[in-house]
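Colleague: Submitted below is the structure of interest, expressed as structure tokens.
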Amino acid sequence: MHNLLNVNNLQIAFRKRKKSIKVVNGVDFGISKGEIVGIVGESGCGKSVTSLSIMRLFHDTSGEVVGGTIQFKEKDLLELSEREMRRIRGKEIAMIFQEPMTSLNPVMKIGKQLIQGIMLHLGLNREEAKQQAVEMLKLVGIPRAESIMNEYPHQLSGGMRQRVMIAIAMSCEPELLIADEPTTALDVTIQAQILQLMKKIQRERGTAILLITHDLGVVAESCDRVVVMYAGRVVEEATVEELFESPLHPYTQGLIESVPKIGNRKEELYSIPGHVPNPEAMPNGCKFASRCPYVMDICREREPQLVSNNNGRKQRCWLHQSIKEEERKTIG
Amino acid sequence: MVDNELLKVKGLKKYFPISNGWFSSKEYVKAVDEVSFSVKKGETLSLVGESGCGKSTLGRLINGLIKADAGDIVFKGDNLAEASETKWRSYRKPMQMIFQDPYASLSPRMKIKEIIAEPLKIHDPSLSREEREAKVKSILEICGIDYYHSDKYPHEFSGGQRQRIGIARALILQPELIIADEPVSALDVSIQAQILNLLKKLQKDYQLTYLFISHDLSVVEHISDHVAVMYLGNIVEIAPREAIFEDPKHPYTKALLSSVPIPDPKLKRESIILKGEIPNAANPPKGCKFHTRCPLAMSICSKEIPIMKTVGDKQQMVACHLYQ
Amino acid sequence: MSETMTVSKQQIASKRGTLSTFWHDFRQRKVAFISFLFFVLLVILAVIGPYIVPFNPQTPDYNHVLQGMSQKHWAGTDEYGRDVLSRLIAGTRISLGIGISSVLIGAMAGTILGLVSGYFGKWVDKTIMRICDVLFAFPDILLAIGIVAILGPGLKNVIFAVAFFSVPSFARMVRGKTLEVKEMLFIEAEKSIGAKTNRIIFRHIFPETIPIIIVYLTMQVGTAILAAASLSFLGLGASPSSPDWGAMLSMSRDYIGTAFNLVFFPGLAIFLTVLSLNNLGDGLRDILDPKIKD
């Protein structure tokens, strides 16, 4: 058990033409205080929906959590009333998105957007809130903090906007920051700045960060622990060193192998054949079986569980676990 | 003309006017400013840089989708910069493009076999229906799409398959030069690897020349023979791949390289984190455009524009006062 | 933002193209679907109407003048003793004919103007759009009256007049869509393979405008029927003896106090037809192009 957040057997379904399609089915992970945990996976693996469900933010009303628990400290977030949830959102858990422009109000000055949240959650008066806001902007490395307060989001560059988003998110000193692809829309040199900033925040303020990304490089550079998702499931979890040193799940291995690495050029890149199964027509058994180089008969018949090894590593792969004898008989 | 030089660009310029209110004087964004380079047949030149550096504009200039303000585009010995629209059209047969967003670049209401047959209908209208279909079939198979799917529409395919369709369309006229504008950046890593392998294989099989536009240095290292690094409309360094990646000269190239996150947690390197943002292209810094962010800036850098110079013995050209 | 969501949305949006899902969506919209069935009925009537009418709609019967509703004459008879129901059924062909043909002509002209205007921009666009603005400044019916006044009354001229006033709305709408589509990447891709302008406009941009054209066409047919009826009512359209719904209304003006059925049934026919076309158009719009609201 982790002492900040524990997600257990999360299941999320989307409704489409009266059919319910499970896009997340069996996600377990946890975050301890002050830790940076990464969730990696390719598009459609369910990582973003998972992060939204922690905040209970479904912009698309056709999606809903249909099973599992999200334990944040003592409370199950899924059991809370909307009112109680509002008190947690922004104050205890904050979130930043890939495209900051969509989550900033375009017709409100930056200062006002910052001050609003601070007054609401910390109960400060306007003057104190303003001071706190300027301080936050300085913390995130915005050079002319006072003058930025009077500017509108469109006057800033992408990197600056993301800094402002981080300032807003951090202004109430949340214990958990969820960052959903925070650097994907940014240039590499700016990405490096933002990643550095996030690590600084975690170090200095002890904020736990859940970093959702598709970029293994970003994970390797910033995370302590990594959760790998595939087709709506967690397939592997390990510390960042272990994961890159000895990935257990064939999907993780393939993913790491297919990234071109600077200074390690090969004539041909390894590539995972095929593509991610359609959530409307999920195969039985392991969801990766059709692309897996080590596929066995059992993989196509039964889906493995997410199993914890002695050293705390978790994997969902038949190569690293065995079914009990009696079960084997019933399957034949 | 140098041996087997397929494309040569010299002093190319494109300024986009921006109106700044009614009464103020006209300003220009120098999207591409005095750019020169050449590409040999069968090689890959990558244009790399951050957003706003002009790499995509450069690709469109060379393809004639936008007209250059000044400079030469010499393709197979002919200067296209001043060419008429009709002449351009005939040059689009040996010069094709692949786009970043494979979905948006495919006509949504056409079956894929129609999409791929489009270039044939335009440039080879005399072909019979059967001949056309035979060509579509063979090119689809080369690009890894079963002909069985050719009656489907683009939205029925995944991102990687759509990019294969885009490649098939570019390839069907047997072009010599392919301008690929961020062809893999919209794809997932595992799919990206498939497409990169395909591009490399096609290059080998058909002697293709690529102008590869990308922001991703790790992809660029994988695919290129030569690399040109761009910053705010200029090429700041152009060199063979090994030189750029093993011995970068320009401080911007160095910073760019060290900003790329490495998927290996054991390699904790000292990365150069550039300060500040990319300056506004409408009002770039004087002198060397990079001097505002350069960790090694000297006083001369803010005054004089550095010129391209060959440094070392590896045909490495750098525009930086450190090497003048 | 959330990839899964955008992906699933995209899939839903793109799958609208296929016919079976279109039909499925369409059936879900009860009002639009009923309107559609009603419209189909009208079209059938327009085709076979003259062969199934109980009485000859043209032959006067002076023995049965101005009769009320009865078993024999369900909707009564007019001042010449002609059966009103028969005249209504026979009139379907005229009304729908005028409505559909005039709008088709207007749509064709408007679409070409809109495509050209939107694609070429600059002075071409300015000229076409300014002319449209001028035409928009006149109320539709006034414009139509003016044209018929110049050309003289008659069905052909009514069709032309109604076609004329629907041109600018089609032109403007198609232009808007063209402006949007011509910036799309696949148009650039098409240019990059060397396609000529004609091909780009008619083979690539035009198909993208078809959904909004269909939607607007449907709604505009209602307006056109109404306008044609008004012209006939004013004596500028079909000859008073022909069983046109507007002309029937016009004829029965004098009997409005004594024989309400003479006014009521043609009015009802026009009302139901226009209503069903508008509902059908609304439904089609929601399915084909949720972005255009009015």
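Convention: chains lettered A, B, ... in structure tokens order; per-chain residue numbering from 1; ligands numbered from 1 as shown.
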Give me every strand (DSSP E or B) residue in range 27-148 of chain A, going by DSSP on the backbone, as number ranges by chain.
Modeller: A: 27-31, 36-40, 63-72, 75-76, 89, 93-96
Colleague: Just N, CA, C and O atoms for this one: save the residues we selected as a compact mmCIF listing (two decimals), in the first residue's frame.
Modeller:
# COMPACT_ATOMS: atom_id res chain seq x y z
N VAL A 27 -6.83 -1.54 -13.75
CA VAL A 27 -5.65 -0.71 -13.54
C VAL A 27 -5.38 -0.62 -12.05
O VAL A 27 -6.26 -0.23 -11.28
N ASP A 28 -4.21 -1.05 -11.65
CA ASP A 28 -3.80 -0.97 -10.25
C ASP A 28 -2.46 -0.26 -10.19
O ASP A 28 -1.55 -0.62 -10.92
N PHE A 29 -2.38 0.74 -9.35
CA PHE A 29 -1.07 1.32 -9.05
C PHE A 29 -1.22 2.23 -7.85
O PHE A 29 -2.34 2.48 -7.38
N GLY A 30 -0.11 2.69 -7.35
CA GLY A 30 -0.18 3.57 -6.19
C GLY A 30 0.94 4.59 -6.24
O GLY A 30 1.90 4.45 -7.00
N ILE A 31 0.77 5.65 -5.45
CA ILE A 31 1.79 6.68 -5.38
C ILE A 31 2.03 6.99 -3.91
O ILE A 31 1.07 7.13 -3.15
N ILE A 36 7.66 10.54 -7.92
CA ILE A 36 7.22 10.80 -9.30
C ILE A 36 6.97 9.45 -9.96
O ILE A 36 7.88 8.63 -10.10
N VAL A 37 5.71 9.22 -10.30
CA VAL A 37 5.34 7.96 -10.94
C VAL A 37 4.92 8.26 -12.37
O VAL A 37 4.16 9.19 -12.62
N GLY A 38 5.44 7.49 -13.29
CA GLY A 38 5.06 7.69 -14.68
C GLY A 38 4.09 6.63 -15.15
O GLY A 38 4.20 5.47 -14.75
N ILE A 39 3.13 7.04 -15.96
CA ILE A 39 2.31 6.04 -16.66
C ILE A 39 2.64 6.17 -18.14
O ILE A 39 2.48 7.25 -18.71
N VAL A 40 3.17 5.11 -18.72
CA VAL A 40 3.49 5.16 -20.15
C VAL A 40 2.62 4.20 -20.93
O VAL A 40 2.22 3.15 -20.43
N GLY A 63 -18.49 8.72 -20.67
CA GLY A 63 -17.57 7.83 -19.97
C GLY A 63 -17.88 7.76 -18.49
O GLY A 63 -18.29 8.75 -17.88
N GLU A 64 -17.74 6.59 -17.90
CA GLU A 64 -17.92 6.51 -16.45
C GLU A 64 -17.11 5.37 -15.85
O GLU A 64 -16.77 4.40 -16.53
N VAL A 65 -16.80 5.55 -14.57
CA VAL A 65 -16.08 4.49 -13.86
C VAL A 65 -17.09 3.43 -13.49
O VAL A 65 -18.12 3.73 -12.89
N VAL A 66 -16.83 2.19 -13.91
CA VAL A 66 -17.80 1.15 -13.62
C VAL A 66 -17.30 0.14 -12.58
O VAL A 66 -18.02 -0.79 -12.25
N GLY A 67 -16.11 0.34 -12.07
CA GLY A 67 -15.65 -0.59 -11.06
C GLY A 67 -14.32 -0.15 -10.46
O GLY A 67 -13.60 0.66 -11.05
N GLY A 68 -14.01 -0.68 -9.28
CA GLY A 68 -12.73 -0.38 -8.66
C GLY A 68 -12.82 0.74 -7.65
O GLY A 68 -13.89 1.32 -7.43
N THR A 69 -11.68 1.01 -7.02
CA THR A 69 -11.64 2.09 -6.04
C THR A 69 -10.44 2.99 -6.32
O THR A 69 -9.44 2.55 -6.90
N ILE A 70 -10.56 4.26 -5.94
CA ILE A 70 -9.44 5.19 -6.01
C ILE A 70 -9.28 5.77 -4.61
O ILE A 70 -10.02 6.65 -4.21
N GLN A 71 -8.35 5.20 -3.87
CA GLN A 71 -8.15 5.60 -2.48
C GLN A 71 -7.14 6.74 -2.42
O GLN A 71 -5.98 6.56 -2.79
N PHE A 72 -7.59 7.90 -1.98
CA PHE A 72 -6.66 9.02 -1.81
C PHE A 72 -6.59 9.30 -0.32
O PHE A 72 -7.58 9.70 0.29
N LYS A 75 -9.72 8.50 1.95
CA LYS A 75 -11.02 8.50 1.29
C LYS A 75 -11.01 7.76 -0.04
O LYS A 75 -10.00 7.74 -0.73
N ASP A 76 -12.15 7.19 -0.39
CA ASP A 76 -12.32 6.65 -1.74
C ASP A 76 -12.94 7.76 -2.59
O ASP A 76 -14.09 8.15 -2.37
N ARG A 89 -10.24 18.70 -5.51
CA ARG A 89 -9.73 19.14 -6.80
C ARG A 89 -9.08 20.51 -6.69
O ARG A 89 -9.68 21.44 -6.17
N ILE A 93 -5.40 17.67 -4.98
CA ILE A 93 -4.89 17.09 -6.23
C ILE A 93 -5.07 18.13 -7.32
O ILE A 93 -6.16 18.67 -7.48
N ALA A 94 -4.01 18.44 -8.03
CA ALA A 94 -4.12 19.40 -9.13
C ALA A 94 -3.70 18.72 -10.41
O ALA A 94 -3.02 17.70 -10.39
N MET A 95 -4.10 19.31 -11.52
CA MET A 95 -3.82 18.64 -12.79
C MET A 95 -3.36 19.65 -13.84
O MET A 95 -3.86 20.77 -13.89
N ILE A 96 -2.42 19.24 -14.66
CA ILE A 96 -2.04 20.06 -15.82
C ILE A 96 -2.15 19.21 -17.08
O ILE A 96 -2.00 17.99 -17.02
Colleague: Write down, as a ChimeraX atom specification, each residue of chain B that has any atom within 7 Å of an atom of chain A, counting only C-alpha atoms.
Modeller: /B:50-51,188-190,193-194,197,218-219,221-222,256,259-265,273-274
Colleague: Using only C-alpha atoms, which residues sit within 12 Å of Gln202 in chain A once same-chain residues fewer than 2 positions away are excluded, as number ranges by chain?
Modeller: A: 33-37, 170, 173-177, 195-200, 204-211, 222-224
Colleague: For the residues in that selection, give me N, CA and C atoms as a PDB file, in the first residue's frame.
Modeller:
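Wrote selection26.pdb, looks like this:
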ATOM      1  N   LYS A  33       3.958   9.545  -0.980  1.00  0.00           N
ATOM      2  CA  LYS A  33       4.233  10.979  -0.884  1.00  0.00           C
ATOM      3  C   LYS A  33       5.575  11.323  -1.518  1.00  0.00           C
ATOM      4  N   GLY A  34       5.613  12.406  -2.260  1.00  0.00           N
ATOM      5  CA  GLY A  34       6.857  12.914  -2.796  1.00  0.00           C
ATOM      6  C   GLY A  34       7.477  12.097  -3.908  1.00  0.00           C
ATOM      7  N   GLU A  35       6.711  11.216  -4.510  1.00  0.00           N
ATOM      8  CA  GLU A  35       7.254  10.318  -5.517  1.00  0.00           C
ATOM      9  C   GLU A  35       6.846  10.794  -6.915  1.00  0.00           C
ATOM     10  N   ILE A  36       7.665  10.538  -7.923  1.00  0.00           N
ATOM     11  CA  ILE A  36       7.224  10.795  -9.297  1.00  0.00           C
ATOM     12  C   ILE A  36       6.968   9.450  -9.962  1.00  0.00           C
ATOM     13  N   VAL A  37       5.706   9.220 -10.304  1.00  0.00           N
ATOM     14  CA  VAL A  37       5.341   7.957 -10.943  1.00  0.00           C
ATOM     15  C   VAL A  37       4.924   8.257 -12.370  1.00  0.00           C
ATOM     16  N   MET A 170       0.098  24.526  -8.707  1.00  0.00           N
ATOM     17  CA  MET A 170       0.880  24.422  -7.474  1.00  0.00           C
ATOM     18  C   MET A 170       0.475  25.456  -6.427  1.00  0.00           C
ATOM     19  N   GLU A 173      -0.628  24.384  -3.080  1.00  0.00           N
ATOM     20  CA  GLU A 173       0.252  23.361  -2.538  1.00  0.00           C
ATOM     21  C   GLU A 173      -0.423  21.994  -2.460  1.00  0.00           C
ATOM     22  N   PRO A 174      -0.801  21.444  -3.603  1.00  0.00           N
ATOM     23  CA  PRO A 174      -1.443  20.137  -3.581  1.00  0.00           C
ATOM     24  C   PRO A 174      -0.439  19.061  -3.198  1.00  0.00           C
ATOM     25  N   GLU A 175      -0.946  17.935  -2.725  1.00  0.00           N
ATOM     26  CA  GLU A 175      -0.028  16.845  -2.386  1.00  0.00           C
ATOM     27  C   GLU A 175       0.266  15.990  -3.611  1.00  0.00           C
ATOM     28  N   LEU A 176      -0.667  16.046  -4.568  1.00  0.00           N
ATOM     29  CA  LEU A 176      -0.478  15.252  -5.782  1.00  0.00           C
ATOM     30  C   LEU A 176      -0.711  16.130  -7.007  1.00  0.00           C
ATOM     31  N   LEU A 177       0.232  16.096  -7.934  1.00  0.00           N
ATOM     32  CA  LEU A 177       0.082  16.820  -9.193  1.00  0.00           C
ATOM     33  C   LEU A 177      -0.011  15.786 -10.303  1.00  0.00           C
ATOM     34  N   LEU A 195      10.555  19.948 -17.621  1.00  0.00           N
ATOM     35  CA  LEU A 195      10.847  18.741 -16.836  1.00  0.00           C
ATOM     36  C   LEU A 195      11.726  19.081 -15.634  1.00  0.00           C
ATOM     37  N   GLN A 196      12.675  19.960 -15.883  1.00  0.00           N
ATOM     38  CA  GLN A 196      13.558  20.383 -14.804  1.00  0.00           C
ATOM     39  C   GLN A 196      12.738  21.065 -13.700  1.00  0.00           C
ATOM     40  N   LEU A 197      11.785  21.900 -14.141  1.00  0.00           N
ATOM     41  CA  LEU A 197      10.929  22.606 -13.194  1.00  0.00           C
ATOM     42  C   LEU A 197      10.100  21.632 -12.360  1.00  0.00           C
ATOM     43  N   MET A 198       9.561  20.614 -13.028  1.00  0.00           N
ATOM     44  CA  MET A 198       8.724  19.674 -12.286  1.00  0.00           C
ATOM     45  C   MET A 198       9.532  18.908 -11.254  1.00  0.00           C
ATOM     46  N   LYS A 199      10.768  18.565 -11.616  1.00  0.00           N
ATOM     47  CA  LYS A 199      11.614  17.863 -10.652  1.00  0.00           C
ATOM     48  C   LYS A 199      11.962  18.764  -9.462  1.00  0.00           C
ATOM     49  N   LYS A 200      12.150  20.045  -9.786  1.00  0.00           N
ATOM     50  CA  LYS A 200      12.479  21.004  -8.726  1.00  0.00           C
ATOM     51  C   LYS A 200      11.309  21.125  -7.744  1.00  0.00           C
ATOM     52  N   GLU A 204      11.631  20.299  -3.868  1.00  0.00           N
ATOM     53  CA  GLU A 204      11.561  21.366  -2.864  1.00  0.00           C
ATOM     54  C   GLU A 204      10.264  21.338  -2.068  1.00  0.00           C
ATOM     55  N   ARG A 205       9.177  20.915  -2.697  1.00  0.00           N
ATOM     56  CA  ARG A 205       7.887  20.979  -2.007  1.00  0.00           C
ATOM     57  C   ARG A 205       7.361  19.614  -1.598  1.00  0.00           C
ATOM     58  N   GLY A 206       8.047  18.571  -2.023  1.00  0.00           N
ATOM     59  CA  GLY A 206       7.599  17.228  -1.665  1.00  0.00           C
ATOM     60  C   GLY A 206       6.297  16.821  -2.311  1.00  0.00           C
ATOM     61  N   THR A 207       5.980  17.448  -3.446  1.00  0.00           N
ATOM     62  CA  THR A 207       4.744  17.101  -4.137  1.00  0.00           C
ATOM     63  C   THR A 207       4.925  15.788  -4.895  1.00  0.00           C
ATOM     64  N   ALA A 208       3.950  14.912  -4.759  1.00  0.00           N
ATOM     65  CA  ALA A 208       3.990  13.687  -5.558  1.00  0.00           C
ATOM     66  C   ALA A 208       3.473  14.025  -6.953  1.00  0.00           C
ATOM     67  N   ILE A 209       4.092  13.440  -7.981  1.00  0.00           N
ATOM     68  CA  ILE A 209       3.680  13.744  -9.347  1.00  0.00           C
ATOM     69  C   ILE A 209       3.321  12.460 -10.083  1.00  0.00           C
ATOM     70  N   LEU A 210       2.174  12.489 -10.731  1.00  0.00           N
ATOM     71  CA  LEU A 210       1.795  11.391 -11.615  1.00  0.00           C
ATOM     72  C   LEU A 210       1.968  11.910 -13.031  1.00  0.00           C
ATOM     73  N   LEU A 211       2.951  11.369 -13.728  1.00  0.00           N
ATOM     74  CA  LEU A 211       3.297  11.885 -15.046  1.00  0.00           C
ATOM     75  C   LEU A 211       2.802  10.930 -16.119  1.00  0.00           C
ATOM     76  N   SER A 222      12.724  11.530 -15.673  1.00  0.00           N
ATOM     77  CA  SER A 222      12.088  12.184 -14.534  1.00  0.00           C
ATOM     78  C   SER A 222      11.436  11.282 -13.487  1.00  0.00           C
ATOM     79  N   CYS A 223      11.161  10.031 -13.799  1.00  0.00           N
ATOM     80  CA  CYS A 223      10.324   9.265 -12.862  1.00  0.00           C
ATOM     81  C   CYS A 223      11.141   8.397 -11.904  1.00  0.00           C
ATOM     82  N   ASP A 224      10.496   8.081 -10.760  1.00  0.00           N
ATOM     83  CA  ASP A 224      11.074   7.108  -9.838  1.00  0.00           C
ATOM     84  C   ASP A 224      10.555   5.717 -10.169  1.00  0.00           C
TER      85      ASP A 224
END
Colleague: Check every residue of chain B for an atom within 7 Å of chain C, counting only C-alpha atoms, and provide those that qualify as a list in words.
Modeller: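 That gives the following set of residues: Asn63, Leu65, Arg89, Arg92, Lys93, Gln96, Met97, Ala104, Ser105, Leu106, Ser107, Pro119, Ile122 and His155 of chain B.
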Colleague: Please identify all polymer residues within 8 Å of His249 in chain A, counting only C-alpha atoms, omitting same-chain residues fewer than 6 positions from it, and present them as a PyMOL selection string.
Modeller: chain A and resi 235-236+315-317
Colleague: Apply DSSP to the backbone of this structure and, from range 53-157 of chain A, keep only the residues in alpha helix (DSSP H); write these as a count of residues only.
Modeller: 44
Colleague: Please identify all polymer residues within 10 Å of Val9 in chain B, counting only C-alpha atoms, omitting same-chain residues fewer than 4 positions from it, and present them as a ChimeraX atom specification.
Modeller: /B:34-39,58,62,71-75,79,81
Colleague: Given the choices C:Thr127, C:Leu104, C:Ser250, C:His24, which gets closest to chain A if the distance is worked out from only C-alpha atoms?
Modeller: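 Closest residue, counting only C-alpha atoms: C:His24.
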Colleague: Which of these residues is nearest to chain C, using only C-alpha atoms: A:Leu57, A:Ile148, A:Cys286, A:Val7?
Modeller: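 Using only C-alpha atoms, chain C sits closest to A:Leu57.
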Colleague: I need the contact residues of chain A against chain C, so if you could list those with any atom within 12 Å, counting only C-alpha atoms, and return them as a VMD selection string, that would help.
Modeller: chain A and resid 12 to 17 21 to 24 41 to 53 57 to 63 95 to 103 179 to 185 212 to 214 231 to 232 278 to 280
Colleague: Got time to write the residues from that selection, N, CA and C atoms, as a short mmCIF file (atom, residue, chain, number, x, y, z; two decimals), in the first residue's frame?
Modeller:
data_model
loop_
_atom_site.label_atom_id
_atom_site.label_comp_id
_atom_site.auth_asym_id
_atom_site.auth_seq_id
_atom_site.Cartn_x
_atom_site.Cartn_y
_atom_site.Cartn_z
N ILE A 12 -13.17 1.52 -16.51
CA ILE A 12 -13.87 2.67 -17.08
C ILE A 12 -14.50 2.24 -18.40
N ALA A 13 -15.74 2.63 -18.58
CA ALA A 13 -16.42 2.25 -19.82
C ALA A 13 -16.96 3.49 -20.52
N PHE A 14 -17.01 3.41 -21.82
CA PHE A 14 -17.63 4.47 -22.61
C PHE A 14 -18.86 3.92 -23.29
N ARG A 15 -19.84 4.75 -23.38
CA ARG A 15 -21.08 4.32 -23.99
C ARG A 15 -21.07 4.79 -25.44
N LYS A 16 -21.35 3.88 -26.33
CA LYS A 16 -21.39 4.25 -27.73
C LYS A 16 -22.51 3.47 -28.39
N ARG A 17 -23.48 4.15 -28.89
CA ARG A 17 -24.65 3.50 -29.50
C ARG A 17 -25.21 2.41 -28.61
N ILE A 21 -18.42 0.13 -23.83
CA ILE A 21 -17.10 -0.36 -24.23
C ILE A 21 -16.10 -0.06 -23.13
N LYS A 22 -15.48 -1.11 -22.61
CA LYS A 22 -14.51 -0.91 -21.54
C LYS A 22 -13.18 -0.46 -22.11
N VAL A 23 -12.77 0.77 -21.80
CA VAL A 23 -11.48 1.22 -22.31
C VAL A 23 -10.39 1.04 -21.25
N VAL A 24 -10.81 0.95 -19.99
CA VAL A 24 -9.86 0.66 -18.93
C VAL A 24 -10.44 -0.51 -18.16
N GLY A 41 2.41 4.53 -22.16
CA GLY A 41 1.65 3.68 -23.04
C GLY A 41 1.38 4.44 -24.32
N GLU A 42 0.91 3.71 -25.32
CA GLU A 42 0.66 4.36 -26.60
C GLU A 42 -0.77 4.89 -26.63
N SER A 43 -1.10 5.62 -27.69
CA SER A 43 -2.43 6.21 -27.72
C SER A 43 -3.50 5.13 -27.66
N GLY A 44 -4.53 5.42 -26.90
CA GLY A 44 -5.61 4.47 -26.76
C GLY A 44 -5.41 3.44 -25.67
N CYS A 45 -4.32 3.53 -24.91
CA CYS A 45 -4.08 2.52 -23.88
C CYS A 45 -4.87 2.82 -22.62
N GLY A 46 -5.46 3.99 -22.53
CA GLY A 46 -6.30 4.31 -21.37
C GLY A 46 -5.60 5.13 -20.31
N LYS A 47 -4.37 5.61 -20.58
CA LYS A 47 -3.65 6.33 -19.54
C LYS A 47 -4.27 7.68 -19.20
N SER A 48 -4.74 8.38 -20.23
CA SER A 48 -5.34 9.69 -19.97
C SER A 48 -6.67 9.56 -19.25
N VAL A 49 -7.48 8.60 -19.66
CA VAL A 49 -8.78 8.40 -19.01
C VAL A 49 -8.57 8.05 -17.55
N THR A 50 -7.55 7.25 -17.29
CA THR A 50 -7.24 6.89 -15.92
C THR A 50 -6.95 8.13 -15.08
N SER A 51 -6.13 9.03 -15.65
CA SER A 51 -5.78 10.21 -14.88
C SER A 51 -7.00 11.11 -14.67
N LEU A 52 -7.84 11.19 -15.67
CA LEU A 52 -9.05 12.02 -15.53
C LEU A 52 -9.99 11.44 -14.48
N SER A 53 -10.00 10.12 -14.39
CA SER A 53 -10.93 9.50 -13.45
C SER A 53 -10.50 9.77 -12.01
N LEU A 57 -12.96 13.87 -13.56
CA LEU A 57 -13.26 14.82 -14.64
C LEU A 57 -13.49 14.04 -15.91
N PHE A 58 -14.72 13.91 -16.30
CA PHE A 58 -14.96 13.34 -17.62
C PHE A 58 -15.63 14.41 -18.45
N HIS A 59 -14.87 15.01 -19.30
CA HIS A 59 -15.45 16.04 -20.16
C HIS A 59 -16.50 15.40 -21.05
N ASP A 60 -16.20 14.20 -21.44
CA ASP A 60 -17.12 13.48 -22.28
C ASP A 60 -18.07 12.73 -21.34
N THR A 61 -19.31 13.10 -21.34
CA THR A 61 -20.21 12.53 -20.34
C THR A 61 -20.52 11.07 -20.61
N SER A 62 -20.13 10.55 -21.77
CA SER A 62 -20.46 9.16 -22.05
C SER A 62 -19.50 8.19 -21.35
N GLY A 63 -18.49 8.72 -20.67
CA GLY A 63 -17.57 7.83 -19.97
C GLY A 63 -17.88 7.76 -18.49
N MET A 95 -4.10 19.31 -11.52
CA MET A 95 -3.82 18.64 -12.79
C MET A 95 -3.36 19.65 -13.84
N ILE A 96 -2.42 19.24 -14.66
CA ILE A 96 -2.04 20.06 -15.82
C ILE A 96 -2.15 19.21 -17.08
N PHE A 97 -2.43 19.89 -18.20
CA PHE A 97 -2.73 19.15 -19.43
C PHE A 97 -1.70 19.42 -20.51
N GLN A 98 -1.85 18.65 -21.58
CA GLN A 98 -0.93 18.79 -22.72
C GLN A 98 -1.01 20.17 -23.34
N GLU A 99 -2.22 20.64 -23.59
CA GLU A 99 -2.37 21.93 -24.26
C GLU A 99 -2.89 22.94 -23.24
N PRO A 100 -1.99 23.74 -22.64
CA PRO A 100 -2.42 24.63 -21.57
C PRO A 100 -3.47 25.64 -22.02
N MET A 101 -3.46 25.97 -23.31
CA MET A 101 -4.39 26.98 -23.80
C MET A 101 -5.84 26.54 -23.56
N THR A 102 -6.11 25.25 -23.67
CA THR A 102 -7.49 24.81 -23.52
C THR A 102 -7.93 24.83 -22.07
N SER A 103 -6.98 24.83 -21.13
CA SER A 103 -7.43 24.81 -19.74
C SER A 103 -7.27 26.17 -19.06
N ALA A 179 0.10 15.24 -14.19
CA ALA A 179 0.54 15.95 -15.39
C ALA A 179 0.29 15.05 -16.59
N ASP A 180 -0.67 15.43 -17.40
CA ASP A 180 -1.06 14.60 -18.54
C ASP A 180 -0.35 15.11 -19.80
N GLU A 181 0.67 14.41 -20.22
CA GLU A 181 1.48 14.80 -21.39
C GLU A 181 1.87 16.28 -21.31
N PRO A 182 2.49 16.72 -20.21
CA PRO A 182 2.71 18.16 -20.05
C PRO A 182 3.69 18.76 -21.05
N THR A 183 4.51 17.94 -21.68
CA THR A 183 5.54 18.51 -22.54
C THR A 183 5.39 18.09 -23.99
N THR A 184 4.35 17.35 -24.30
CA THR A 184 4.21 16.80 -25.64
C THR A 184 4.07 17.88 -26.71
N ALA A 185 3.41 18.99 -26.36
CA ALA A 185 3.19 20.04 -27.35
C ALA A 185 4.36 21.03 -27.40
N ILE A 212 1.85 11.40 -16.91
CA ILE A 212 1.32 10.55 -17.98
C ILE A 212 2.01 10.93 -19.27
N THR A 213 2.61 9.97 -19.95
CA THR A 213 3.36 10.31 -21.16
C THR A 213 3.47 9.11 -22.09
N HIS A 214 3.77 9.39 -23.35
CA HIS A 214 4.03 8.31 -24.30
C HIS A 214 5.53 8.22 -24.54
N ALA A 231 -3.60 -1.48 -23.81
CA ALA A 231 -5.00 -1.86 -24.05
C ALA A 231 -5.85 -1.81 -22.79
N GLY A 232 -5.71 -0.73 -22.03
CA GLY A 232 -6.57 -0.54 -20.86
C GLY A 232 -6.15 -1.30 -19.62
N ASN A 278 -8.73 -3.27 -31.13
CA ASN A 278 -9.85 -2.36 -31.01
C ASN A 278 -10.62 -2.65 -29.70
N PRO A 279 -10.87 -1.62 -28.88
CA PRO A 279 -11.57 -1.88 -27.61
C PRO A 279 -12.96 -2.49 -27.80
N GLU A 280 -13.52 -2.36 -28.99
CA GLU A 280 -14.83 -2.93 -29.22
C GLU A 280 -14.74 -4.43 -29.51
#
Colleague: Which is closer to Gly106 in chain C than all the others in C:Gln28, C:Ser166, C:Asn63, C:Thr21, using only C-alpha atoms?
Modeller: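 The shortest atom-to-atom distance to Gly106 in chain C comes from C:Ser166.
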Colleague: Do you have the CA of Leu155 in chain C-CA of Gly81 in chain C distance handy?
Modeller: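 One can read the CA of Leu155 in chain C to CA of Gly81 in chain C distance as 24.6 Å.
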